[in-house]
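For reference, protein.csv (CSV, C-alpha atoms and all ligand atoms):
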```csv
chain,number,residue,atom,x,y,z
A,1,MET,CA,109.5,88.3,104.5
A,2,GLY,CA,107.3,90.1,107.0
A,3,VAL,CA,104.7,88.9,109.4
A,4,LYS,CA,101.7,86.8,108.3
A,5,ILE,CA,98.5,87.2,110.3
A,6,HIS,CA,95.8,84.5,110.3
A,7,VAL,CA,92.5,85.3,112.0
A,8,ALA,CA,90.4,82.2,112.5
A,9,ASN,CA,87.1,82.3,110.8
A,10,HIS,CA,85.1,79.3,111.9
A,11,PRO,CA,81.7,78.9,113.6
A,12,LEU,CA,83.0,76.4,116.2
A,13,ILE,CA,85.8,78.8,117.2
A,14,ALA,CA,83.3,81.7,117.3
A,15,HIS,CA,81.0,79.7,119.6
A,16,LYS,CA,83.8,78.6,122.0
A,17,LEU,CA,85.2,82.2,122.1
A,18,THR,CA,81.8,83.6,123.1
A,19,VAL,CA,81.5,81.2,126.0
A,20,LEU,CA,85.2,82.0,127.0
A,21,ARG,CA,84.6,85.7,127.0
A,22,ASP,CA,81.5,85.5,129.2
A,23,LYS,CA,82.4,86.7,132.7
A,24,ASN,CA,80.1,84.0,134.2
A,25,THR,CA,82.2,81.2,132.7
A,26,ASN,CA,84.0,79.5,135.6
A,27,SER,CA,87.7,78.5,135.6
A,28,PRO,CA,87.3,74.7,134.9
A,29,THR,CA,85.1,75.5,131.9
A,30,PHE,CA,87.5,78.3,130.8
A,31,ARG,CA,90.4,75.8,130.9
A,32,GLY,CA,88.6,73.2,129.0
A,33,LEU,CA,87.5,75.7,126.3
A,34,THR,CA,91.0,77.1,126.0
A,35,GLU,CA,92.3,73.6,125.3
A,36,GLU,CA,89.7,73.0,122.7
A,37,LEU,CA,90.4,76.4,121.1
A,38,VAL,CA,94.1,75.7,121.0
A,39,MET,CA,93.6,72.4,119.2
A,40,LEU,CA,91.5,74.1,116.5
A,41,LEU,CA,94.0,77.0,116.2
A,42,ALA,CA,97.0,74.7,116.2
A,43,TYR,CA,95.5,72.8,113.3
A,44,GLU,CA,95.7,76.0,111.2
A,45,ALA,CA,99.0,77.1,112.8
A,46,THR,CA,100.8,73.8,111.9
A,47,ARG,CA,99.9,73.9,108.2
A,48,GLU,CA,103.6,74.5,107.3
A,49,VAL,CA,105.1,72.0,109.8
A,50,ILE,CA,108.0,70.2,108.1
A,51,THR,CA,107.4,66.6,107.1
A,52,VAL,CA,109.6,64.0,105.5
A,53,SER,CA,108.5,61.1,103.4
A,54,LYS,CA,108.4,57.6,104.9
A,55,SER,CA,107.9,54.3,103.2
A,56,ILE,CA,105.8,51.7,105.0
A,57,GLN,CA,103.7,48.7,104.2
A,58,THR,CA,99.9,48.8,104.7
A,59,PRO,CA,98.2,45.4,105.1
A,60,VAL,CA,97.5,45.7,101.4
A,61,ALA,CA,100.4,47.4,99.6
A,62,ALA,CA,103.7,49.4,99.8
A,63,TYR,CA,103.0,53.1,100.6
A,64,THR,CA,105.1,56.2,100.9
A,65,GLY,CA,103.5,58.8,103.2
A,66,GLU,CA,104.6,61.8,105.2
A,67,VAL,CA,105.6,62.0,108.9
A,68,LEU,CA,106.9,64.9,111.0
A,69,ALA,CA,110.5,65.6,110.4
A,70,LYS,CA,113.1,65.5,113.2
A,71,PRO,CA,114.1,67.4,115.2
A,72,ARG,CA,110.5,67.9,116.2
A,73,PRO,CA,108.9,71.3,116.6
A,74,VAL,CA,109.5,73.2,119.8
A,75,VAL,CA,106.4,74.5,121.7
A,76,VAL,CA,107.0,77.4,124.0
A,77,PRO,CA,104.3,78.5,126.4
A,78,ILE,CA,104.9,82.0,127.9
A,79,LEU,CA,104.3,81.8,131.6
A,80,ARG,CA,101.9,82.1,133.3
A,81,ALA,CA,98.8,82.2,131.0
A,82,GLY,CA,100.5,80.3,128.1
A,83,LEU,CA,100.5,77.2,130.3
A,84,GLY,CA,96.7,76.9,129.8
A,85,MET,CA,97.3,76.4,126.1
A,86,LEU,CA,100.0,73.7,126.4
A,87,GLU,CA,97.7,70.6,126.8
A,88,GLY,CA,95.7,71.4,123.7
A,89,MET,CA,98.9,71.8,121.7
A,90,THR,CA,100.7,68.7,122.9
A,91,ARG,CA,97.5,66.7,122.2
A,92,LEU,CA,97.9,67.7,118.6
A,93,ILE,CA,101.6,67.1,118.4
A,94,PRO,CA,102.4,64.7,121.2
A,95,THR,CA,106.1,64.4,120.1
A,96,ALA,CA,106.8,68.1,120.2
A,97,GLU,CA,109.6,69.3,122.6
A,98,VAL,CA,108.4,71.8,125.2
A,99,GLY,CA,110.4,74.8,126.4
A,100,PHE,CA,109.3,77.4,128.9
A,101,LEU,CA,109.8,81.1,128.9
A,102,GLY,CA,108.7,83.4,131.7
A,103,MET,CA,108.7,87.1,130.9
A,104,VAL,CA,108.2,90.2,133.0
A,105,ARG,CA,108.3,93.9,132.3
A,106,ASN,CA,110.3,96.4,134.4
A,107,GLU,CA,107.7,99.1,135.3
A,108,GLU,CA,110.4,101.8,135.3
A,109,THR,CA,112.3,101.1,132.1
A,110,LEU,CA,109.4,99.3,130.4
A,111,GLN,CA,111.9,96.8,129.2
A,112,ALA,CA,110.7,93.2,129.1
A,113,SER,CA,113.1,90.6,130.5
A,114,THR,CA,113.1,86.9,131.0
A,115,TYR,CA,112.8,85.6,134.5
A,116,ALA,CA,112.6,81.9,133.7
A,117,ASN,CA,113.9,80.0,130.7
A,118,ARG,CA,114.1,76.3,130.0
A,119,LEU,CA,114.8,76.0,126.4
A,120,PRO,CA,117.3,74.3,124.1
A,121,GLU,CA,120.3,76.8,123.9
A,122,ASP,CA,120.5,76.1,120.1
A,123,LEU,CA,117.3,76.3,118.1
A,124,THR,CA,119.1,76.4,114.7
A,125,GLY,CA,116.8,75.0,112.1
A,126,ARG,CA,113.9,74.5,114.6
A,127,GLN,CA,110.3,75.4,114.0
A,128,VAL,CA,109.0,77.1,117.1
A,129,TYR,CA,105.3,77.6,118.3
A,130,ILE,CA,104.8,80.2,121.0
A,131,LEU,CA,101.7,80.0,123.1
A,132,ASP,CA,100.4,83.2,124.7
A,133,PRO,CA,96.6,83.7,124.9
A,134,MET,CA,96.5,87.5,124.8
A,135,LEU,CA,98.3,89.6,122.2
A,136,ALA,CA,97.8,93.0,123.8
A,137,THR,CA,100.6,95.6,123.4
A,138,GLY,CA,102.8,93.1,121.8
A,139,GLY,CA,105.7,93.8,124.2
A,140,THR,CA,106.1,90.3,125.6
A,141,LEU,CA,105.6,88.6,122.3
A,142,ILE,CA,108.3,90.8,120.6
A,143,MET,CA,110.7,90.0,123.3
A,144,ALA,CA,110.0,86.3,123.2
A,145,ILE,CA,110.4,86.2,119.4
A,146,GLU,CA,113.7,88.1,119.6
A,147,TYR,CA,114.9,85.7,122.2
A,148,LEU,CA,114.1,82.7,120.0
A,149,LEU,CA,115.5,84.3,116.9
A,150,GLU,CA,118.8,84.9,118.7
A,151,ARG,CA,119.0,81.2,119.4
A,152,GLY,CA,118.6,80.4,115.7
A,153,ALA,CA,114.9,79.5,115.3
A,154,LYS,CA,114.1,78.8,111.7
A,155,ASP,CA,110.5,80.0,111.8
A,156,ILE,CA,108.2,81.2,114.5
A,157,THR,CA,104.4,80.9,114.8
A,158,ALA,CA,102.6,82.5,117.7
A,159,ILE,CA,99.2,81.1,118.7
A,160,THR,CA,97.0,83.5,120.6
A,161,ILE,CA,93.3,83.3,121.6
A,162,LEU,CA,92.7,87.0,121.1
A,163,ALA,CA,94.7,89.9,119.6
A,164,ALA,CA,94.4,93.7,119.6
A,165,PRO,CA,95.2,95.7,116.5
A,166,GLU,CA,97.8,97.6,118.5
A,167,GLY,CA,99.7,94.4,119.3
A,168,ILE,CA,99.5,93.2,115.7
A,169,ALA,CA,100.9,96.6,114.5
A,170,ALA,CA,103.7,96.4,117.0
A,171,ILE,CA,104.8,92.9,115.9
A,172,GLU,CA,104.5,94.0,112.2
A,173,SER,CA,106.7,97.0,112.7
A,174,ALA,CA,109.3,95.1,114.9
A,175,PHE,CA,109.8,92.3,112.4
A,176,ALA,CA,108.9,93.8,109.0
A,177,GLY,CA,112.4,93.7,107.6
A,178,ARG,CA,113.5,90.3,109.0
A,179,ASP,CA,114.1,87.3,106.8
A,180,VAL,CA,112.7,84.8,109.2
A,181,PRO,CA,109.1,83.8,108.7
A,182,ILE,CA,106.9,84.9,111.6
A,183,THR,CA,103.2,84.0,111.7
A,184,ILE,CA,100.5,85.0,114.2
A,185,VAL,CA,97.4,82.8,114.4
A,186,THR,CA,94.6,84.2,116.5
A,187,GLY,CA,91.1,83.2,117.3
A,188,ALA,CA,89.8,86.7,116.9
A,189,LEU,CA,91.0,90.3,116.3
A,190,ASP,CA,89.3,92.5,118.8
A,191,GLU,CA,88.6,96.2,118.7
A,192,LYS,CA,91.3,97.9,120.8
A,193,LEU,CA,93.2,98.1,124.1
A,194,ASN,CA,91.8,100.1,127.0
A,195,GLU,CA,93.8,102.6,129.1
A,196,LYS,CA,94.8,99.7,131.4
A,197,GLY,CA,96.2,97.6,128.5
A,198,TYR,CA,93.2,95.2,128.5
A,199,ILE,CA,91.9,93.9,125.2
A,200,VAL,CA,88.3,95.2,124.5
A,201,PRO,CA,85.9,93.4,124.4
A,202,GLY,CA,88.4,90.7,125.4
A,203,LEU,CA,88.0,88.2,128.2
A,204,GLY,CA,89.7,89.9,131.1
A,205,ASP,CA,92.9,88.7,132.6
A,206,ALA,CA,93.6,85.3,131.0
A,207,GLY,CA,95.9,84.1,133.8
A,208,ASP,CA,93.3,84.9,136.5
A,209,ARG,CA,90.5,83.4,134.5
A,210,LEU,CA,92.5,80.2,134.0
A,211,TYR,CA,94.0,79.9,137.5
A,212,GLY,CA,92.3,82.4,139.8
A,213,VAL,CA,93.6,85.6,141.2
A,214,VAL,CA,96.9,85.1,143.0
A,301,LIG,N1,96.6,90.2,129.2
A,301,LIG,C1,95.4,89.6,129.6
A,301,LIG,O1,95.3,88.6,130.3
A,301,LIG,N2,94.2,90.2,129.2
A,301,LIG,C2,94.2,91.3,128.4
A,301,LIG,O2,93.1,91.8,128.1
A,301,LIG,C3,95.4,91.9,128.0
A,301,LIG,C4,96.6,91.3,128.4
```
Take the structure in the file and write it out as structure tokens.
Ligand code: URA
Amino acid sequence: MGVKIHVANHPLIAHKLTVLRDKNTNSPTFRGLTEELVMLLAYEATREVITVSKSIQTPVAAYTGEVLAKPRPVVVPILRAGLGMLEGMTRLIPTAEVGFLGMVRNEETLQASTYANRLPEDLTGRQVYILDPMLATGGTLIMAIEYLLERGAKDITAITILAAPEGIAAIESAFAGRDVPITIVTGALDEKLNEKGYIVPGLGDAGDRLYGVV
């Protein structure tokens, strides 16, 4: 089934990304732009969200339309920077359930592990949307996807603001043979990673730019 990659191609997204990347953009503006970008990206990312038909009466006639199926999609921001994307996503799908995943990498073994987890134990049949602004090496996202697949997620879409080719390649090779649909929706595909693992040209450390250096 493989991994589907969707790189946004829209002048409004390009405009907002340019302001976001600018090192002179302050945190409040950065947070506002991130929210707006997530709403635009989520519009594309939810194209395959499951709906069911529902019969209603308009003031004029009987009508059968579509509404979101239950159980609702699960939105999972990856702590810390993914939190900056949550508001935009829940504005678009106010009834989504929200789970949280905090991930850290052991600097000796280079193995990622979860340090915080507040998610339904059973995700069987659920559509899951991961929020993580920067797809750099792909290590965190691979770990998060594995974690959600183990709990039975039916399909997984990751929404990122920026992605590096190295990260996309890592996700593709990790999940190429799996029979679960995995989609990456990103605002832009940048040039490369630098020696410190930052996306180039990128926007710097997304968590710091959202919330300041702690
Ligand atoms: N994480 C960030 O916040 N920025 C990068 O450039 C890479 C990973």
ask   = Counting all atoms listed in the file, which of A:Leu149, A:Met103, A:Ile56, A:Leu210 gets nearest to Arg178 in chain A?
value = A:Leu149
ask   = Which residue gives the smallest distance to ligand LIG 301 (chain A) among A:Lys4, A:Arg126, A:His10, A:Arg21, with only C-alpha atoms and all ligand atoms counted?
value =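 Closest residue, counting only C-alpha atoms and all ligand atoms: A:Arg21.
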task = Point out the residue among A:Leu131, A:Ala81, A:Leu86, A:Val180 with the least atom-to-atom distance to ligand LIG 301 (chain A), counting all atoms listed in the file.
result =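 When distances to ligand LIG 301 (chain A) are compared using all atoms listed in the file, the smallest one comes from A:Ala81.
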key: Close residues to ligand LIG 301 (chain A) using only C-alpha atoms and all ligand atoms, limit 9 Å, as a list in words   =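 Using only C-alpha atoms and all ligand atoms, I find these residues within 9 Å of ligand LIG 301 (chain A): Ala81, Pro133, Met134, Leu135, Ala136, Thr137, Leu162, Ala163, Ala164, Leu193, Asn194, Lys196, Gly197, Tyr198, Ile199, Val200, Pro201, Gly202, Leu203, Gly204, Asp205, Ala206, Gly207, Asp208 and Arg209 of chain A.
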key: Best match for closeness to Thr124 in chain A among A:Glu97, A:Asp179, A:Asp155, A:Glu146, counting all atoms listed in the file   =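 Distance minimum relative to Thr124 in chain A lands on A:Asp155.
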request  = Find the distance between CA of Tyr115 in chain A and CA of Met85 in chain A and write it in Å to one decimal.
outcome  =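 Pair CA of Tyr115 in chain A / CA of Met85 in chain A returns 19.9 Å.
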message = Between CA of Pro120 in chain A and CA of Arg72 in chain A, what is the distance in Å, rounded to a tenth?
response =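 Interatomic distance here is 12.2 Å.
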message = I'd like the contact shell of Thr29 in chain A - 12 Å cut-off, all atoms listed in the file, skipping same-chain residues fewer than 6 positions apart - returned as a count of residues only.
response = 13
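The spacing separating CA of Val76 in chain A from CA of Leu189 in chain A amounts to 21.9 Å.
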task = Return the single residue from A:Glu195, A:Gly32, A:Gly187, A:Met143 that is closest to Ile13 in chain A, with distances computed using all atoms listed in the file.
result =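 Nearest to Ile13 in chain A: A:Gly187.
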message = Calculated over all atoms listed in the file, which of the candidates A:Met39, A:Ala169, A:Val75, A:Ala112 has the smallest distance to Ala153 in chain A?
response =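 Under the stated criterion, the closest residue is A:Val75.
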message = Residues near Asp132 in chain A, anyone? I mean within 9 Å using only C-alpha atoms, not counting same-chain ones fewer than 4 positions away, as a list in words.
response =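 These residues fall inside the cut-off: Val76, Pro77, Ile78, Leu79, Arg80, Ala81, Gly82, Leu83, Gly84, Met85, Leu141, Ala158, Ile159, Thr160 and Ile161 of chain A.
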